[in-house]
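*Asks:* Below is the file final.cif, with mmCIF, C-alpha atoms.
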```
data_input
#
loop_
_atom_site.label_atom_id
_atom_site.label_comp_id
_atom_site.auth_asym_id
_atom_site.auth_seq_id
_atom_site.Cartn_x
_atom_site.Cartn_y
_atom_site.Cartn_z
CA MET A 146 43.95 25.56 -21.06
CA LYS A 147 46.55 26.83 -23.52
CA CYS A 148 48.72 29.79 -22.58
CA PRO A 149 47.65 32.82 -24.68
CA PHE A 150 51.32 33.91 -24.91
CA CYS A 151 53.30 30.77 -25.80
CA GLY A 152 50.58 28.15 -26.47
CA HIS A 153 51.88 25.72 -23.84
CA ALA A 154 49.14 23.44 -22.49
CA ASP A 155 50.24 23.20 -18.85
CA ASP A 156 49.57 25.86 -16.23
CA ARG A 157 48.86 26.14 -12.54
CA VAL A 158 45.99 27.95 -10.78
CA LEU A 159 47.15 30.73 -8.47
CA ASP A 160 43.81 32.08 -7.28
CA THR A 161 40.12 31.16 -7.61
CA ARG A 162 37.22 33.53 -6.90
CA VAL A 163 33.47 33.21 -7.32
CA GLN A 164 32.00 36.29 -9.03
CA LYS A 165 28.65 37.93 -8.21
CA ASP A 166 27.04 36.47 -11.35
CA GLY A 167 28.00 32.93 -10.28
CA SER A 168 30.93 32.53 -12.66
CA ILE A 169 34.36 31.44 -11.42
CA ARG A 170 37.44 33.56 -12.10
CA ARG A 171 40.81 31.82 -12.00
CA ARG A 172 44.25 33.44 -12.09
CA ARG A 173 46.69 31.12 -13.86
CA GLU A 174 50.43 30.94 -14.52
CA CYS A 175 51.96 29.19 -17.52
CA LEU A 176 54.52 26.55 -16.46
CA GLU A 177 56.59 27.19 -19.61
CA CYS A 178 56.92 30.98 -20.00
CA LYS A 179 55.73 31.99 -16.49
CA ALA A 180 53.20 34.46 -17.98
CA ARG A 181 50.06 35.07 -15.92
CA PHE A 182 46.51 35.30 -17.28
CA SER A 183 42.93 35.03 -16.06
CA THR A 184 40.11 32.77 -17.16
CA VAL A 185 36.40 32.89 -16.38
CA GLU A 186 34.28 29.76 -16.11
CA THR A 187 30.52 29.90 -16.58
CA ILE A 188 27.87 27.23 -16.79
CA MET A 189 26.66 26.61 -20.33
CA ILE A 190 22.89 26.25 -20.31
CA ALA A 191 21.03 24.95 -23.35
CA LEU A 192 18.30 27.53 -23.83
CA PRO A 193 15.11 26.43 -25.62
CA TYR A 194 13.91 27.54 -29.02
CA ILE A 195 11.12 30.09 -29.31
CA ILE A 196 8.29 29.21 -31.69
CA LYS A 197 7.24 32.40 -33.49
CA LYS A 198 3.67 33.21 -34.62
CA ASP A 199 4.49 32.23 -38.21
CA GLY A 200 5.92 28.86 -37.13
CA ARG A 201 9.61 29.78 -37.35
CA ARG A 202 11.89 28.64 -34.56
CA GLU A 203 14.77 30.70 -33.21
CA PRO A 204 16.99 30.34 -30.14
CA PHE A 205 15.94 32.23 -27.01
CA SER A 206 17.89 35.48 -26.82
CA LYS A 207 18.39 37.54 -23.68
CA GLU A 208 19.49 40.40 -25.92
CA LYS A 209 16.09 40.52 -27.67
CA ILE A 210 14.28 40.56 -24.32
CA LEU A 211 16.63 43.30 -23.08
CA LYS A 212 16.01 45.36 -26.23
CA GLY A 213 12.23 45.07 -25.84
CA LEU A 214 12.32 45.95 -22.15
CA SER A 215 14.63 48.90 -22.79
CA ALA A 216 12.24 50.28 -25.40
CA ALA A 217 9.23 49.85 -23.09
CA THR A 218 10.93 51.47 -20.10
CA GLN A 219 12.48 54.36 -22.03
CA LYS A 220 12.18 57.65 -20.07
CA ARG A 221 10.64 55.81 -17.11
CA PRO A 222 12.05 55.66 -13.56
CA VAL A 223 13.41 52.14 -14.09
CA SER A 224 17.09 51.42 -13.55
CA VAL A 225 19.33 49.28 -15.74
CA ALA A 226 19.79 46.93 -12.78
CA GLN A 227 16.02 46.40 -12.57
CA ILE A 228 15.82 45.64 -16.29
CA ASP A 229 18.75 43.21 -16.03
CA ALA A 230 17.06 41.50 -13.07
CA VAL A 231 13.86 41.06 -15.12
CA VAL A 232 15.85 39.59 -18.02
CA GLU A 233 17.54 37.13 -15.65
CA ARG A 234 14.20 36.14 -14.07
CA ILE A 235 12.70 35.51 -17.52
CA ALA A 236 15.73 33.45 -18.60
CA ALA A 237 15.58 31.42 -15.36
CA TRP A 238 11.85 30.87 -15.89
CA ILE A 239 12.48 29.64 -19.45
CA VAL A 240 15.22 27.23 -18.31
CA ASN A 241 13.24 25.95 -15.31
CA ARG A 242 10.33 24.99 -17.56
CA GLY A 243 12.57 22.22 -18.90
CA GLU A 244 11.09 22.39 -22.39
CA SER A 245 13.07 22.41 -25.61
CA GLU A 246 10.57 24.78 -27.27
CA VAL A 247 8.40 27.60 -25.89
CA SER A 248 5.82 29.61 -27.83
CA SER A 249 6.45 33.32 -28.30
CA ARG A 250 2.91 33.95 -27.03
CA LEU A 251 3.76 32.37 -23.65
CA LEU A 252 7.06 34.25 -23.47
CA GLY A 253 5.26 37.52 -24.27
CA LYS A 254 2.81 36.92 -21.43
CA LYS A 255 5.71 36.37 -19.02
CA VAL A 256 7.38 39.60 -20.15
CA MET A 257 4.10 41.51 -19.73
CA ALA A 258 3.61 40.05 -16.25
CA GLU A 259 7.12 41.14 -15.22
CA LEU A 260 6.57 44.62 -16.66
CA LYS A 261 3.22 44.93 -14.89
CA GLN A 262 5.03 44.48 -11.58
CA LEU A 263 7.86 46.82 -12.57
CA ASP A 264 6.11 49.82 -14.15
CA ASP A 265 2.51 50.27 -15.35
CA VAL A 266 3.40 52.63 -18.21
CA ALA A 267 6.10 50.28 -19.51
CA TYR A 268 3.60 47.44 -19.29
CA VAL A 269 1.03 49.33 -21.39
CA ARG A 270 3.71 50.31 -23.93
CA PHE A 271 4.90 46.73 -24.34
CA ALA A 272 1.36 45.34 -24.55
CA SER A 273 0.35 47.88 -27.19
CA VAL A 274 3.29 46.91 -29.42
CA TYR A 275 3.22 43.18 -28.66
CA ARG A 276 -0.45 42.69 -29.49
CA THR A 277 -2.55 43.86 -32.44
CA PHE A 278 -5.82 45.43 -31.32
CA LYS A 279 -9.07 46.10 -33.19
CA ASP A 280 -10.41 48.70 -30.78
CA VAL A 281 -9.86 50.29 -27.37
CA GLN A 282 -12.13 47.80 -25.56
CA GLU A 283 -10.02 44.87 -26.80
CA PHE A 284 -6.91 46.76 -25.62
CA VAL A 285 -8.34 47.18 -22.10
CA GLU A 286 -9.46 43.54 -21.98
CA THR A 287 -6.00 42.38 -23.00
CA LEU A 288 -4.35 44.51 -20.34
CA GLU A 289 -6.61 42.90 -17.74
CA ASP A 290 -5.93 39.40 -19.14
CA ALA A 291 -6.74 36.84 -16.44
CA GLU A 292 -4.02 34.50 -17.77
CA LEU A 293 -1.38 36.99 -16.58
CA LEU A 294 -2.35 36.09 -13.02
CA ASP A 295 -0.40 32.85 -13.47
CA PHE A 296 2.77 34.89 -13.95
CA VAL A 297 2.23 37.75 -11.49
CA ASP A 298 3.36 37.76 -7.87
CA ALA A 299 0.23 38.26 -5.75
CA SER A 300 2.21 40.17 -3.11
CA ASN A 301 2.55 43.14 -5.49
CA PRO A 302 -1.00 44.30 -6.36
CA GLN A 303 -1.60 46.69 -9.24
CA LEU A 304 -4.48 49.01 -10.01
CA SER A 305 -7.18 47.82 -12.36
CA LEU A 306 -7.21 49.34 -15.84
CA THR A 307 -10.93 48.72 -16.44
CA ALA A 308 -13.38 51.59 -16.44
CA MET A 309 -14.01 52.99 -12.99
CA ASN A 310 -17.23 54.62 -11.77
CA PHE A 311 -16.54 58.15 -10.73
CA VAL A 312 -18.87 59.94 -8.33
CA GLU A 313 -19.91 63.29 -9.73
CA SER A 314 -19.09 66.08 -7.40
CA GLU A 315 -21.88 68.39 -6.41
CA LYS A 316 -22.32 71.21 -8.82
CA LYS A 317 -21.75 74.51 -7.13
CA PRO A 318 -24.41 77.11 -7.79
CA ASN A 319 -23.39 79.84 -10.19
CA HIS A 320 -22.60 82.98 -8.26
CA GLU A 321 -23.83 86.25 -9.59
CA ILE A 322 -21.17 88.00 -11.56
CA ASP A 323 -20.25 91.30 -9.96
CA SER A 324 -20.48 94.17 -12.35
CA LYS A 325 -17.10 95.29 -11.06
CA THR A 326 -15.36 92.11 -12.30
CA THR A 327 -11.96 92.97 -13.59
CA SER A 328 -10.57 91.97 -16.92
CA PRO A 329 -7.57 89.59 -17.08
CA GLY A 330 -4.36 91.37 -16.14
CA ALA A 331 -6.16 94.22 -14.32
CA ARG A 332 -5.78 94.79 -10.61
CA SER A 333 -8.39 93.52 -8.22
CA PRO A 334 -10.58 96.23 -6.67
CA ASN A 335 -9.93 94.77 -3.22
CA PRO A 336 -6.20 94.13 -2.91
CA VAL A 337 -5.07 91.45 -0.48
CA PRO A 338 -3.24 92.95 2.50
CA ASN A 339 0.33 91.77 3.15
#
```
So, in terms of structure tokens, how does the structure I just supplied come out?
*Replies:*
Amino acid sequence: MKCPFCGHADDRVLDTRVQKDGSIRRRRECLECKARFSTVETIMIALPYIIKKDGRREPFSKEKILKGLSAATQKRPVSVAQIDAVVERIAAWIVNRGESEVSSRLLGKKVMAELKQLDDVAYVRFASVYRTFKDVQEFVETLEDAELLDFVDASNPQLSLTAMNFVESEKKPNHEIDSKTTSPGARSPNPVPN
């Protein structure tokens, strides 16, 4: 490590601390000019390439995932920490697959599965932008995609988005309208006692 002040190559480590994100922070002192500076060590992980729908390949980007999640969760009760945790889980999932290339379709399904657990409205927003739909029925079928079950944690059930059968409530008989009915804004003939 070269000293940022004098460029000398030799230094000594004064203090080493492990940060919350897993990186290592070291406080160093240059043996030549005695200046002190800090360095941070992180593990360099080779992230896979994402194969786009048109066949292009681009490196996996946490920033793009973060941007998409931020747009989907806008004005929703989702904290920045929750979004960051989802991004980290997706990145860990990508790395743990051990593949050099992953299709954008598979990555999109993982993002939708994470959003479905986080917030239903954000999930619907992301799915509506991510996919192109012909009609409403195709939209509902996509939201209930059985393949998402591979990505979803079964301990966090969500409500179904398919059509539900509602029981019609009994119709109340029409009451005769009293000829003394008041017009809107007028006082009632029988005031309520205090």
*Asks:* Just to confirm, what's the straight-line distance from atom CA of Thr187 of chain A to atom CA of Glu246 of chain A in Å (one decimal)?
*Replies:*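 Between atom CA of Thr187 of chain A and atom CA of Glu246 of chain A the gap is 23.2 Å.
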*Asks:* Report, in Å to a single decimal, how far apart atom CA of Val185 of chain A and atom CA of Ser215 of chain A are.
*Replies:* 27.8 Å
*Asks:* Suppose you want the space between atom CA of Arg170 of chain A and atom CA of Thr184 of chain A; what is it in Å?
*Replies:* 5.8 Å
*Asks:* Smallest atom-to-atom distance to Ser273 of chain A: which of A:Ala154, A:Ala236, A:Leu251, A:Ala217, using all atoms listed in the file?
*Replies:*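 Ranked by minimum distance to Ser273 of chain A, first place goes to A:Ala217.
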*Asks:* Return as a ChimeraX atom specification the set of residues that the PyMOL selection byres ((chain A and resi 212-214) around 9) yields on the displayed structure.
*Replies:* /A:207-211,215-219,228,231-232,256,260,267,271
*Asks:* Write out as a PyMOL selection string which residues come within 8 Å of Ile188 of chain A when counting only C-alpha atoms, dropping same-chain ones fewer than 2 positions away.
*Replies:* chain A and resi 168+186+190
*Asks:* Find, counting all atoms listed in the file, the residue in A:Ala191, A:Ala258, A:Leu176, A:Leu263 that gets nearest to Ser245 of chain A.
*Replies:* A:Ala191
*Asks:* Need the neighbours of (10.7, 26.8, -22.6): which residues are at most 9 Å away, counting only C-alpha atoms, as a PDB file with C-alpha atoms, in the coordinates of the input?
*Replies:*
```
ATOM      1  CA  LEU A 192      18.300  27.530 -23.830  1.00  0.00           C
ATOM      2  CA  PRO A 193      15.110  26.430 -25.620  1.00  0.00           C
ATOM      3  CA  TYR A 194      13.910  27.540 -29.020  1.00  0.00           C
ATOM      4  CA  ILE A 195      11.120  30.090 -29.310  1.00  0.00           C
ATOM      5  CA  PHE A 205      15.940  32.230 -27.010  1.00  0.00           C
ATOM      6  CA  TRP A 238      11.850  30.870 -15.890  1.00  0.00           C
ATOM      7  CA  ILE A 239      12.480  29.640 -19.450  1.00  0.00           C
ATOM      8  CA  VAL A 240      15.220  27.230 -18.310  1.00  0.00           C
ATOM      9  CA  ASN A 241      13.240  25.950 -15.310  1.00  0.00           C
ATOM     10  CA  ARG A 242      10.330  24.990 -17.560  1.00  0.00           C
ATOM     11  CA  GLY A 243      12.570  22.220 -18.900  1.00  0.00           C
ATOM     12  CA  GLU A 244      11.090  22.390 -22.390  1.00  0.00           C
ATOM     13  CA  SER A 245      13.070  22.410 -25.610  1.00  0.00           C
ATOM     14  CA  GLU A 246      10.570  24.780 -27.270  1.00  0.00           C
ATOM     15  CA  VAL A 247       8.400  27.600 -25.890  1.00  0.00           C
ATOM     16  CA  SER A 248       5.820  29.610 -27.830  1.00  0.00           C
ATOM     17  CA  LEU A 251       3.760  32.370 -23.650  1.00  0.00           C
ATOM     18  CA  LEU A 252       7.060  34.250 -23.470  1.00  0.00           C
TER      19      LEU A 252
END
```
